[in-house]
>>> print(open('my_file-v4.cif').read())   # mmCIF, C-alpha atoms and all ligand atoms
data_my_file
loop_
_atom_site.label_atom_id
_atom_site.label_comp_id
_atom_site.auth_asym_id
_atom_site.auth_seq_id
_atom_site.Cartn_x
_atom_site.Cartn_y
_atom_site.Cartn_z
CA MET A 7 -97.72 -58.55 -45.24
CA LYS A 8 -97.02 -62.28 -44.83
CA LEU A 9 -97.58 -63.38 -41.25
CA LYS A 10 -96.21 -66.27 -39.23
CA ILE A 11 -99.32 -67.70 -37.59
CA LEU A 12 -99.49 -70.29 -34.82
CA LEU A 13 -102.86 -72.07 -34.90
CA THR A 14 -103.89 -74.33 -31.99
CA GLY A 15 -106.70 -76.88 -32.06
CA LYS A 16 -106.06 -77.85 -35.68
CA ASN A 17 -108.25 -80.97 -35.46
CA GLY A 18 -111.27 -79.25 -33.97
CA GLN A 19 -114.40 -78.21 -35.79
CA LEU A 20 -113.23 -74.62 -36.20
CA GLY A 21 -109.50 -75.36 -36.31
CA ARG A 22 -109.89 -77.47 -39.45
CA GLU A 23 -111.64 -74.62 -41.24
CA LEU A 24 -109.09 -72.07 -40.04
CA ILE A 25 -106.16 -73.92 -41.59
CA SER A 26 -107.31 -73.13 -45.12
CA SER A 27 -108.84 -69.73 -44.42
CA LEU A 28 -105.68 -68.39 -42.74
CA GLU A 29 -103.30 -69.72 -45.39
CA PRO A 30 -103.57 -66.68 -47.69
CA LEU A 31 -102.31 -64.53 -44.80
CA GLY A 32 -98.95 -66.26 -44.49
CA GLU A 33 -97.28 -69.32 -42.98
CA VAL A 34 -99.69 -71.28 -40.77
CA ILE A 35 -98.11 -73.56 -38.18
CA ALA A 36 -101.04 -75.69 -37.11
CA LEU A 37 -100.74 -77.76 -33.93
CA GLY A 38 -103.13 -80.28 -32.43
CA HIS A 39 -103.46 -81.68 -28.92
CA ALA A 40 -100.68 -84.22 -29.65
CA GLN A 41 -98.14 -81.50 -30.50
CA LEU A 42 -99.18 -78.94 -27.87
CA ASP A 43 -101.01 -79.89 -24.69
CA LEU A 44 -102.71 -76.82 -23.27
CA THR A 45 -102.74 -78.26 -19.75
CA LYS A 46 -98.94 -77.86 -19.76
CA PRO A 47 -98.00 -74.21 -19.18
CA GLU A 48 -94.29 -74.66 -19.85
CA GLN A 49 -95.00 -76.40 -23.16
CA ILE A 50 -97.18 -73.46 -24.23
CA ARG A 51 -94.51 -70.92 -23.27
CA GLN A 52 -91.70 -72.86 -24.94
CA THR A 53 -93.65 -73.45 -28.15
CA ILE A 54 -94.38 -69.74 -28.54
CA ARG A 55 -90.79 -68.76 -27.70
CA ASP A 56 -89.44 -71.28 -30.20
CA LEU A 57 -91.80 -70.39 -33.05
CA GLN A 58 -91.92 -66.59 -32.52
CA PRO A 59 -95.24 -66.15 -34.37
CA GLN A 60 -96.67 -62.72 -35.13
CA LEU A 61 -100.16 -64.02 -34.58
CA ILE A 62 -101.56 -66.79 -32.37
CA VAL A 63 -105.01 -68.11 -33.27
CA ASN A 64 -106.34 -70.24 -30.43
CA ALA A 65 -109.05 -72.60 -31.67
CA ALA A 66 -108.35 -75.22 -28.99
CA ALA A 67 -110.62 -75.53 -25.99
CA TYR A 68 -112.12 -77.95 -23.52
CA THR A 69 -115.58 -78.08 -25.12
CA ALA A 70 -117.28 -81.01 -23.37
CA VAL A 71 -119.88 -78.82 -21.67
CA ASP A 72 -121.50 -81.49 -19.47
CA GLN A 73 -118.23 -83.22 -18.59
CA ALA A 74 -116.78 -79.89 -17.48
CA GLU A 75 -119.08 -80.01 -14.43
CA SER A 76 -116.96 -82.85 -13.02
CA GLU A 77 -113.65 -81.76 -14.59
CA GLU A 78 -113.69 -78.03 -13.97
CA ALA A 79 -109.99 -77.92 -13.07
CA ILE A 80 -108.96 -79.40 -16.44
CA ALA A 81 -111.46 -77.21 -18.28
CA ARG A 82 -110.05 -74.17 -16.46
CA ALA A 83 -106.48 -75.12 -17.36
CA VAL A 84 -107.37 -75.34 -21.07
CA ASN A 85 -110.01 -72.60 -21.35
CA ALA A 86 -108.60 -70.00 -18.95
CA ASP A 87 -105.01 -70.56 -17.87
CA ALA A 88 -103.75 -71.57 -21.34
CA PRO A 89 -105.13 -68.56 -23.23
CA GLY A 90 -103.88 -66.36 -20.38
CA ILE A 91 -100.38 -67.77 -20.89
CA MET A 92 -100.67 -67.35 -24.67
CA ALA A 93 -101.66 -63.71 -24.22
CA ASP A 94 -98.77 -63.15 -21.83
CA GLU A 95 -96.21 -64.74 -24.16
CA ALA A 96 -97.69 -63.00 -27.19
CA LYS A 97 -97.28 -59.64 -25.50
CA LYS A 98 -93.61 -60.37 -24.75
CA ILE A 99 -92.83 -60.97 -28.43
CA GLY A 100 -95.15 -58.30 -29.83
CA ALA A 101 -97.61 -60.82 -31.24
CA ALA A 102 -101.42 -60.65 -31.15
CA LEU A 103 -103.79 -63.33 -29.87
CA ILE A 104 -107.05 -64.27 -31.57
CA HIS A 105 -109.27 -66.27 -29.23
CA TYR A 106 -112.80 -67.72 -29.37
CA SER A 107 -115.27 -67.49 -26.51
CA THR A 108 -118.92 -68.37 -26.17
CA ASP A 109 -122.49 -67.34 -25.34
CA TYR A 110 -122.15 -69.59 -22.26
CA VAL A 111 -120.60 -66.59 -20.47
CA PHE A 112 -124.20 -65.33 -20.16
CA ASP A 113 -127.01 -66.90 -18.14
CA GLY A 114 -129.46 -66.88 -21.06
CA SER A 115 -132.17 -64.94 -19.20
CA LYS A 116 -132.16 -61.90 -21.49
CA THR A 117 -135.03 -61.77 -23.96
CA THR A 118 -133.23 -59.83 -26.69
CA PRO A 119 -129.87 -60.56 -28.36
CA TYR A 120 -126.86 -60.21 -26.09
CA LEU A 121 -124.46 -57.38 -26.76
CA GLU A 122 -120.75 -57.34 -26.00
CA ASN A 123 -121.06 -55.16 -22.91
CA ASP A 124 -123.96 -57.05 -21.31
CA ILE A 125 -123.26 -58.36 -17.83
CA THR A 126 -121.84 -61.87 -17.86
CA ASN A 127 -123.17 -64.51 -15.48
CA PRO A 128 -122.14 -68.04 -16.47
CA ILE A 129 -124.26 -70.79 -14.95
CA SER A 130 -122.08 -73.75 -15.99
CA ALA A 131 -118.50 -74.83 -15.29
CA TYR A 132 -117.73 -74.53 -19.02
CA GLY A 133 -119.08 -70.96 -19.07
CA ARG A 134 -117.12 -70.00 -15.96
CA THR A 135 -113.86 -71.29 -17.44
CA LYS A 136 -114.44 -69.55 -20.78
CA LEU A 137 -115.22 -66.26 -19.00
CA ALA A 138 -112.05 -66.65 -16.92
CA GLY A 139 -110.13 -67.09 -20.20
CA GLU A 140 -111.55 -63.82 -21.57
CA GLN A 141 -110.56 -62.02 -18.37
CA LEU A 142 -107.00 -63.37 -18.28
CA ILE A 143 -106.45 -62.36 -21.91
CA GLN A 144 -107.75 -58.86 -21.25
CA ASP A 145 -105.70 -58.58 -18.05
CA SER A 146 -102.51 -59.39 -20.00
CA GLY A 147 -102.70 -56.00 -21.65
CA GLY A 148 -101.50 -57.44 -24.96
CA SER A 149 -103.11 -57.12 -28.40
CA HIS A 150 -106.06 -59.46 -28.73
CA LEU A 151 -109.37 -60.05 -30.44
CA ILE A 152 -111.82 -62.26 -28.57
CA PHE A 153 -114.63 -63.48 -30.80
CA ARG A 154 -117.63 -64.82 -28.89
CA ILE A 155 -119.28 -67.40 -31.11
CA ALA A 156 -122.36 -69.58 -30.62
CA TRP A 157 -124.41 -72.40 -32.12
CA VAL A 158 -121.53 -73.48 -34.35
CA TYR A 159 -122.16 -76.17 -36.95
CA GLY A 160 -120.17 -77.53 -39.83
CA ARG A 161 -119.50 -80.50 -42.01
CA GLU A 162 -116.98 -81.92 -39.53
CA GLY A 163 -116.68 -82.39 -35.79
CA LYS A 164 -119.32 -82.81 -33.13
CA ASN A 165 -122.18 -80.44 -33.78
CA PHE A 166 -125.98 -80.17 -33.91
CA LEU A 167 -126.17 -80.53 -37.71
CA ARG A 168 -124.31 -83.82 -37.71
CA THR A 169 -126.20 -85.10 -34.66
CA ILE A 170 -129.57 -84.40 -36.30
CA LEU A 171 -128.53 -86.04 -39.58
CA ARG A 172 -127.33 -89.11 -37.67
CA LEU A 173 -130.44 -89.32 -35.46
CA ALA A 174 -132.64 -88.95 -38.52
CA THR A 175 -131.31 -92.28 -39.77
CA GLN A 176 -131.84 -93.99 -36.41
CA LYS A 177 -135.10 -92.73 -34.93
CA GLU A 178 -138.75 -92.55 -35.86
CA GLU A 179 -139.26 -89.28 -34.04
CA LEU A 180 -137.11 -86.41 -32.81
CA ARG A 181 -138.00 -84.23 -29.81
CA ILE A 182 -136.26 -80.88 -30.08
CA VAL A 183 -136.66 -77.87 -27.78
CA SER A 184 -138.09 -74.70 -29.24
CA ASP A 185 -137.60 -72.30 -26.34
CA GLN A 186 -133.88 -71.69 -26.73
CA ILE A 187 -133.07 -69.00 -29.23
CA GLY A 188 -129.81 -68.46 -31.08
CA ALA A 189 -128.11 -67.83 -34.38
CA PRO A 190 -126.68 -71.00 -35.98
CA THR A 191 -123.31 -70.08 -37.46
CA SER A 192 -121.19 -72.20 -39.75
CA SER A 193 -117.61 -72.92 -38.69
CA ARG A 194 -116.58 -72.18 -42.29
CA ASP A 195 -118.07 -68.67 -42.07
CA ILE A 196 -116.41 -68.01 -38.71
CA ALA A 197 -113.04 -69.06 -40.17
CA LEU A 198 -113.56 -66.88 -43.27
CA ALA A 199 -114.71 -63.92 -41.19
CA THR A 200 -111.67 -64.29 -38.94
CA ALA A 201 -109.37 -64.27 -41.96
CA GLU A 202 -111.22 -61.32 -43.48
CA VAL A 203 -110.88 -59.26 -40.30
CA LEU A 204 -107.19 -60.14 -40.01
CA SER A 205 -106.49 -59.32 -43.64
CA ARG A 206 -107.94 -55.85 -43.07
CA VAL A 207 -106.09 -55.36 -39.79
CA TYR A 208 -102.74 -56.42 -41.22
CA ALA A 209 -103.07 -54.73 -44.59
CA PRO A 210 -104.73 -51.56 -43.42
CA GLU A 211 -105.71 -48.75 -45.64
CA LYS A 212 -104.51 -45.30 -44.64
CA ASN A 213 -105.26 -44.28 -41.04
CA ALA A 214 -106.70 -47.69 -40.14
CA PRO A 215 -106.30 -48.53 -36.44
CA ALA A 216 -103.71 -51.09 -35.34
CA ILE A 217 -104.80 -54.36 -33.76
CA SER A 218 -103.73 -53.02 -30.35
CA GLU A 219 -106.37 -50.30 -30.69
CA LEU A 220 -109.03 -52.85 -31.64
CA SER A 221 -108.31 -55.20 -28.72
CA GLY A 222 -111.51 -56.38 -27.09
CA ILE A 223 -114.48 -58.71 -27.27
CA TYR A 224 -116.67 -59.01 -30.37
CA HIS A 225 -119.78 -61.12 -30.89
CA MET A 226 -119.47 -63.10 -34.08
CA THR A 227 -122.61 -64.93 -35.11
CA ALA A 228 -124.67 -65.11 -38.27
CA GLY A 229 -127.55 -62.67 -38.56
CA GLY A 230 -131.10 -63.49 -37.56
CA GLN A 231 -132.21 -65.95 -34.95
CA THR A 232 -134.07 -69.22 -34.67
CA ASN A 233 -134.66 -72.01 -32.17
CA TRP A 234 -133.29 -75.57 -32.08
CA TYR A 235 -136.57 -77.05 -33.29
CA GLU A 236 -136.72 -74.78 -36.33
CA PHE A 237 -133.03 -75.33 -36.98
CA ALA A 238 -133.52 -79.11 -36.90
CA LYS A 239 -136.42 -78.75 -39.35
CA ALA A 240 -134.23 -76.64 -41.67
CA ILE A 241 -131.52 -79.31 -41.54
CA LEU A 242 -133.93 -82.13 -42.34
CA GLU A 243 -135.58 -80.15 -45.10
CA GLY A 244 -132.16 -79.34 -46.58
CA ALA A 245 -131.19 -82.99 -46.39
CA ALA A 246 -134.41 -84.05 -48.09
CA GLU A 247 -133.92 -81.44 -50.83
CA SER A 248 -130.37 -82.54 -51.51
CA HIS A 249 -131.37 -86.22 -51.23
CA GLN A 250 -128.35 -86.73 -48.94
CA CYS A 251 -130.04 -88.69 -46.20
CA GLU A 252 -133.25 -89.69 -47.92
CA SER A 253 -131.76 -93.00 -48.96
CA HIS A 254 -130.71 -93.89 -45.37
CA ILE A 255 -134.06 -92.88 -44.01
CA GLY A 256 -135.88 -94.66 -46.75
CA LYS A 257 -133.93 -97.84 -46.11
CA ARG A 258 -134.55 -97.71 -42.37
CA SER A 259 -138.22 -96.89 -42.20
CA GLY A 260 -139.45 -97.41 -45.71
CA LYS A 261 -140.99 -93.94 -45.46
CA PRO A 262 -140.00 -90.68 -47.11
CA SER A 263 -137.72 -88.33 -45.17
CA LYS A 264 -140.51 -85.78 -44.63
CA PHE A 265 -141.94 -88.23 -42.13
CA LEU A 266 -139.24 -87.23 -39.64
CA VAL A 267 -139.79 -83.51 -40.07
CA ARG A 268 -143.52 -83.87 -39.53
CA ARG A 269 -143.13 -85.96 -36.43
CA SER A 270 -140.63 -83.69 -34.66
CA HIS A 271 -142.02 -82.45 -31.34
CA GLN A 272 -141.36 -79.38 -29.29
CA SER A 273 -140.57 -79.76 -25.61
CA GLU A 274 -139.79 -77.40 -22.77
CA ALA A 275 -136.27 -76.38 -21.78
CA SER A 276 -135.37 -74.77 -18.49
CA HIS A 277 -133.86 -71.52 -19.77
CA TYR A 278 -133.49 -69.25 -22.73
CA SER A 279 -130.27 -68.96 -24.65
CA PHE A 280 -130.32 -65.86 -26.75
CA CYS A 281 -127.06 -65.35 -28.46
CA ALA A 282 -127.66 -63.70 -31.80
CA SER A 283 -126.10 -60.28 -32.04
CA ASP A 284 -127.12 -57.36 -34.15
CA CYS A 285 -125.59 -57.99 -37.57
CA ASN A 286 -124.32 -54.43 -37.86
CA ARG A 287 -122.36 -54.63 -34.62
CA ARG A 288 -119.95 -57.49 -33.85
CA ILE A 289 -116.90 -57.66 -36.05
CA SER A 290 -118.33 -54.97 -38.31
CA ASP A 291 -117.72 -52.40 -35.63
CA PRO A 292 -113.96 -52.01 -35.60
CA ARG A 293 -113.46 -52.00 -39.33
CA LYS A 294 -116.87 -50.78 -40.47
CA THR A 295 -117.32 -53.73 -42.80
CA ALA A 296 -120.60 -55.13 -44.02
CA CYS A 297 -121.98 -58.31 -42.50
CA LEU A 298 -119.64 -61.18 -43.39
CA PHE A 299 -122.04 -64.05 -42.88
CA ARG A 300 -124.28 -65.87 -45.30
CA PRO A 301 -128.00 -66.41 -44.61
CA LEU A 302 -128.76 -69.72 -42.87
CA LYS A 303 -129.86 -71.68 -45.94
CA SER A 304 -126.85 -70.67 -48.06
CA ALA A 305 -124.45 -71.65 -45.28
CA LEU A 306 -126.32 -74.80 -44.28
CA ASP A 307 -126.87 -76.43 -47.67
CA PRO A 308 -123.18 -76.95 -48.56
CA CYS A 309 -122.57 -78.53 -45.13
CA ILE A 310 -125.40 -80.98 -45.75
CA ARG A 311 -124.28 -81.77 -49.31
CA ASP A 312 -120.60 -82.39 -48.46
N1 LIG A 401 -118.91 -75.46 -31.10
C1 LIG A 401 -119.65 -74.46 -30.65
O1 LIG A 401 -120.90 -74.44 -30.80
C2 LIG A 401 -119.00 -73.30 -29.97
C3 LIG A 401 -119.82 -72.32 -29.48
C4 LIG A 401 -119.24 -71.24 -28.86
C5 LIG A 401 -117.88 -71.17 -28.73
N2 LIG A 401 -117.09 -72.15 -29.17
C6 LIG A 401 -115.64 -72.01 -29.00
O2 LIG A 401 -115.03 -72.09 -30.27
C7 LIG A 401 -113.72 -72.64 -30.16
C8 LIG A 401 -113.58 -73.81 -31.12
O3 LIG A 401 -114.54 -74.79 -30.77
P1 LIG A 401 -114.80 -76.10 -31.64
O4 LIG A 401 -116.26 -76.22 -31.82
O5 LIG A 401 -113.92 -76.12 -32.83
O6 LIG A 401 -114.34 -77.22 -30.59
P2 LIG A 401 -113.81 -78.69 -30.84
O7 LIG A 401 -114.29 -79.21 -32.14
O8 LIG A 401 -114.14 -79.45 -29.60
O9 LIG A 401 -112.24 -78.49 -30.94
C9 LIG A 401 -111.49 -78.16 -29.81
C10 LIG A 401 -110.09 -78.67 -30.04
O10 LIG A 401 -109.34 -78.38 -28.85
C11 LIG A 401 -108.47 -79.47 -28.61
N3 LIG A 401 -108.09 -79.60 -27.21
C12 LIG A 401 -108.86 -79.98 -26.17
N4 LIG A 401 -108.11 -80.07 -25.06
C13 LIG A 401 -106.84 -79.75 -25.43
C14 LIG A 401 -105.62 -79.66 -24.73
N5 LIG A 401 -105.52 -79.96 -23.42
N6 LIG A 401 -104.52 -79.31 -25.41
C15 LIG A 401 -104.58 -79.03 -26.73
N7 LIG A 401 -105.71 -79.09 -27.46
C16 LIG A 401 -106.83 -79.45 -26.79
C17 LIG A 401 -109.27 -80.69 -29.04
O11 LIG A 401 -108.38 -81.74 -29.34
P3 LIG A 401 -108.72 -83.24 -28.85
O12 LIG A 401 -110.08 -83.51 -29.39
O13 LIG A 401 -107.63 -84.04 -29.46
O14 LIG A 401 -108.67 -83.18 -27.35
C18 LIG A 401 -110.03 -80.19 -30.26
O15 LIG A 401 -109.32 -80.46 -31.45
C19 LIG A 401 -113.56 -72.99 -28.68
O16 LIG A 401 -112.92 -71.93 -28.02
C20 LIG A 401 -114.99 -73.10 -28.17
O17 LIG A 401 -115.07 -72.82 -26.78
C21 LIG A 401 -117.61 -73.22 -29.81
#
>>> encode(input="my_file-v4.cif", output="structure tokens")
Amino acid sequence: MKLKILLTGKNGQLGRELISSLEPLGEVIALGHAQLDLTKPEQIRQTIRDLQPQLIVNAAAYTAVDQAESEEAIARAVNADAPGIMADEAKKIGAALIHYSTDYVFDGSKTTPYLENDITNPISAYGRTKLAGEQLIQDSGGSHLIFRIAWVYGREGKNFLRTILRLATQKEELRIVSDQIGAPTSSRDIALATAEVLSRVYAPEKNAPAISELSGIYHMTAGGQTNWYEFAKAILEGAAESHQCESHIGKRSGKPSKFLVRRSHQSEASHYSFCASDCNRRISDPRKTACLFRPLKSALDPCIRD
């Protein structure tokens, strides 16, 4: 079945990956902030009514976590009200909404991986607005899949991988916390997993449930878990192996890139941030598929090389 898909946030880290991964499913109408401003409810409604998509994939969000503390109203408009409107309009035309949420809906105090039905307790403005978005989508009663994702990195956009590679060319020493735990997940893998789930939902084998029956929240992260310090080390080791940033580092300090890995320090952070889910749950649940994510090194290396 060829679908008409409306994708928002086309210039974001995940949006860029989704454009190519969704293409095999049908016609992808990809809009950025300039074409569709999610702080404008009427524009959202009109766009959906004009385009009449069968599927809306919302990869747009207000993602400036710190800035959201002083701009909670704007963050709420984009992260909560807008997806609520999308869900409402989608329901009216019989479309489904795919939306991305975050581990920030939790307070990070759990000492084992969070599961979908764990109690939410956001401690930041960003987390509150993302949780409100989940709730408005669910309240709409329309077909939806909400994928909670975390620790996203990729070759493009603002993310930890790119920050570490940049800092490695500028600093003698990096101080990275080791007491926050999570599962780094590549934006490419999230986009591919989204497309894989959708291809199964829309081309179901006999007796497969419809998307309306699958509506709900799913944790979507890579398997395993690590901390930011270990993740930074893996990035720098990958960069050294692929010789991608060795030349910058060499030019700056006159020392080999291993210097930076060795001199990284651990420091204390105020709270834990567990977000890895059990690999056999998450998106595997509704369709009983195997884990769709690559191990960290296999996913990380291509991002470093490109
Ligand atoms: N990155 C992570 O680690 C992470 C973790 C958990 C969950 N998530 C979730 O994953 C989804 C994708 O995140 P991402 O990392 O791809 O974020 P991103 O790179 O910041 O992309 C978000 C996109 O949303 C657009 N946007 C912001 N305000 C808008 C508005 N008013 N109207 C229309 N578009 C607007 C941005 O466009 P402009 O830049 O032009 O404003 C940007 O292209 C989001 O729902 C996010 O909450 C991300």
>>> closest_residue(input="my_file-v4.cif", among="A:Lys46, A:Glu219, A:Pro119, A:Thr191", to="A:Arg161", atoms="only C-alpha atoms")
A:Thr191
>>> residues_around(input="my_file-v4.cif", residues="A:Ile91", least_positions_apart="3", cutoff="9 Å", atoms="all atoms listed in the file", output="compact mmCIF listing (two decimals) with C-alpha atoms, in the coordinates of the input")
# COMPACT_ATOMS: atom_id res chain seq x y z
CA PRO A 47 -98.00 -74.21 -19.18
CA ILE A 50 -97.18 -73.46 -24.23
CA ARG A 51 -94.51 -70.92 -23.27
CA ALA A 86 -108.60 -70.00 -18.95
CA ASP A 87 -105.01 -70.56 -17.87
CA ALA A 88 -103.75 -71.57 -21.34
CA ASP A 94 -98.77 -63.15 -21.83
CA GLU A 95 -96.21 -64.74 -24.16
CA ALA A 96 -97.69 -63.00 -27.19
CA LEU A 142 -107.00 -63.37 -18.28
CA ILE A 143 -106.45 -62.36 -21.91
CA SER A 146 -102.51 -59.39 -20.00
>>> residues_near_ligand(input="my_file-v4.cif", ligand="ligand LIG 401 (chain A)", cutoff="7 Å", atoms="all atoms listed in the file", output="MDAnalysis selection string")
chainID A and resid 14:21 38:40 42:45 65:69 84 105:109 136 154:159 163:165
>>> atom_distance(input="my_file-v4.cif", atom1="atom CA of A:Ile25", atom2="atom CA of A:Leu57")
17.1 Å
>>> axis_aligned_box(input="my_file-v4.cif", around="stretch 116-131 of chain A", padding_each_side="8 Å", output="lines of an AutoDock Vina configuration file")
center_x = -126.8
center_y = -65.0
center_z = -21.7
size_x = 32.5
size_y = 35.7
size_z = 29.4
>>> atom_distance(input="my_file-v4.cif", atom1="atom CA of A:Lys10", atom2="atom CA of A:Glu48")
21.2 Å
>>> residues_around(input="my_file-v4.cif", residues="A:Gly32", least_positions_apart="4", cutoff="8 Å", atoms="all atoms listed in the file", output="list in words")
Met7, Lys8, Leu9, Lys10, Ile11 and Leu28 of chain A
>>> residues_around(input="my_file-v4.cif", residues="A:Asp312", least_positions_apart="3", cutoff="9 Å", atoms="only C-alpha atoms", output="short mmCIF file (atom, residue, chain, number, x, y, z; two decimals) with C-alpha atoms, in the coordinates of the input")
data_model
loop_
_atom_site.label_atom_id
_atom_site.label_comp_id
_atom_site.auth_asym_id
_atom_site.auth_seq_id
_atom_site.Cartn_x
_atom_site.Cartn_y
_atom_site.Cartn_z
CA ARG A 161 -119.50 -80.50 -42.01
CA GLN A 250 -128.35 -86.73 -48.94
CA ASP A 307 -126.87 -76.43 -47.67
CA PRO A 308 -123.18 -76.95 -48.56
CA CYS A 309 -122.57 -78.53 -45.13
#
>>> closest_residue(input="my_file-v4.cif", among="A:Gln176, A:Tyr132, A:Gly230, A:Ser193", to="A:Thr118", atoms="all atoms listed in the file")
A:Gly230
>>> atom_distance(input="my_file-v4.cif", atom1="atom CA of A:Ile62", atom2="atom CA of A:Pro89")
10.0 Å
>>> closest_residue(input="my_file-v4.cif", among="A:Glu78, A:Glu236, A:Glu247, A:Glu23", to="A:Ala36", atoms="all atoms listed in the file")
A:Glu23
>>> closest_residue(input="my_file-v4.cif", among="A:Arg181, A:Arg311, A:Val63, A:Glu122", to="A:Met226", atoms="only C-alpha atoms")
A:Glu122
>>> closest_residue(input="my_file-v4.cif", among="A:Lys239, A:His150, A:Lys98, A:Arg134", to="A:Leu180", atoms="all atoms listed in the file")
A:Lys239
>>> closest_residue(input="my_file-v4.cif", among="A:Arg206, A:Lys303, A:His225, A:Arg194", to="A:Leu24", atoms="only C-alpha atoms")
A:Arg194
>>> residues_near_point(input="my_file-v4.cif", point="(-124.7, -67.8, -37.9)", cutoff="6 Å", atoms="only C-alpha atoms", output="CSV table (one decimal) with C-alpha atoms, in the coordinates of the input")
chain,number,residue,atom,x,y,z
A,189,ALA,CA,-128.1,-67.8,-34.4
A,190,PRO,CA,-126.7,-71.0,-36.0
A,191,THR,CA,-123.3,-70.1,-37.5
A,192,SER,CA,-121.2,-72.2,-39.8
A,227,THR,CA,-122.6,-64.9,-35.1
A,228,ALA,CA,-124.7,-65.1,-38.3
A,229,GLY,CA,-127.6,-62.7,-38.6
>>> residues_near_point(input="my_file-v4.cif", point="(-115.7, -73.8, -11.5)", cutoff="10 Å", atoms="only C-alpha atoms", output="list in words")
Ala74, Glu75, Ser76, Glu77, Glu78, Ala79, Ala81, Arg82, Pro128, Ile129, Ser130, Ala131, Tyr132, Gly133, Arg134, Thr135 and Ala138 of chain A
